[in-house]
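Read through the structure below, which is laid out as structure tokens, and then see the notes.
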Amino acid sequence: SAMPPATPPATSSTSAPHFDGMRPSTSGSSDIGRGTAKVAEKGTRTLYVMGFSRREPVDRTALLAALRKFGEVNGARVGEAEALVRFIGAEEAKAALAALERGSVSVRRSTLSGRWAASDLLTDDALRACGGTPLPQKPPS
């Protein structure tokens with residue numbers, strides 16, 4: 001009589017691998033979700049733009065005018081020597097980044113460069129975080 005009670009655990013243990021088989025796909029999809037969260041944490045449409053001349057400060061209007069040709073700008077935080085510029089979409093940001101990397105964006109005789117921002121936030125803290133520590137002054141080339 002000890003044998004029949006042992007059978008249900010055996011059936012549940014055979015169905016357990018089936019559930020385990022299901023679990024990876026759900027954890028897989030949650031990993032995908034987590035992956036997108038990571039992408040969203042890093043700026044997906046915000047660029048850190050640098051290279052402003054100290055002598056001729058770049059103002060918001062001039063900067064946005066130079067970048068608007070790549071797509072609609074959704075917001076910007078402009079500092080003394082750098083800025084965060086958020087576009088309405090990732091494609092616009094990619095196009096602007098490609099131009100910045102080619103050195104084909106200039107404002108007031110300053111050729112600007114850029115990279116992906118750490119996030120899509122446009123706060124002073126976000127701007128400082130992107131800038132990191134001030135870079136040693138390079139002699140003009």
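Lettering and numbering for the structure tokens are positional, with chains as A, B, ... in the shown order, residues counted from 1 in each chain, and ligands counted from 1 in the shown order.
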Could you give me, as number ranges by chain, the residues within 10 Å of Asp124 in chain A, counting only C-alpha atoms and dropping anything in the same chain fewer than 5 positions from it? A: 77-79, 83-84, 129-130
Write a file of the selected residues as a compact mmCIF listing (two decimals), in the first residue's frame, keeping N, CA, C and O atoms.
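Listing of out.txt after writing:
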# COMPACT_ATOMS: atom_id res chain seq x y z
N ARG A 77 19.74 70.50 -22.39
CA ARG A 77 20.31 71.12 -21.20
C ARG A 77 21.68 71.60 -21.65
O ARG A 77 22.55 70.79 -21.97
N VAL A 78 21.88 72.90 -21.71
CA VAL A 78 23.11 73.44 -22.25
C VAL A 78 23.98 73.99 -21.12
O VAL A 78 23.52 74.83 -20.34
N GLY A 79 25.19 73.46 -21.02
CA GLY A 79 26.15 73.94 -20.02
C GLY A 79 27.15 74.88 -20.67
O GLY A 79 26.96 75.31 -21.81
N ALA A 83 26.61 69.96 -23.70
CA ALA A 83 25.15 69.97 -23.59
C ALA A 83 24.60 68.56 -23.70
O ALA A 83 25.25 67.67 -24.24
N LEU A 84 23.39 68.39 -23.20
CA LEU A 84 22.62 67.17 -23.45
C LEU A 84 21.51 67.59 -24.40
O LEU A 84 20.83 68.58 -24.15
N ALA A 129 27.28 64.12 -14.89
CA ALA A 129 27.64 62.70 -14.95
C ALA A 129 28.25 62.36 -16.31
O ALA A 129 29.22 61.61 -16.39
N CYS A 130 27.68 62.90 -17.38
CA CYS A 130 28.23 62.64 -18.72
C CYS A 130 29.61 63.24 -18.86
O CYS A 130 30.50 62.64 -19.43
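Residue nearest Ser113 in chain A, chosen from A:Glu82, A:Asp125, A:Glu56, A:Glu101 and counting only C-alpha atoms: A:Glu101.
Distance-wise, CA of Ser119 in chain A and CA of Glu91 in chain A end up 16.0 Å apart.
For the residues A:Gly131, A:Gly114, A:Pro57, A:Gly51, ranking by smallest atom-to-atom distance to Lys94 in chain A using only C-alpha atoms places A:Gly114 first.
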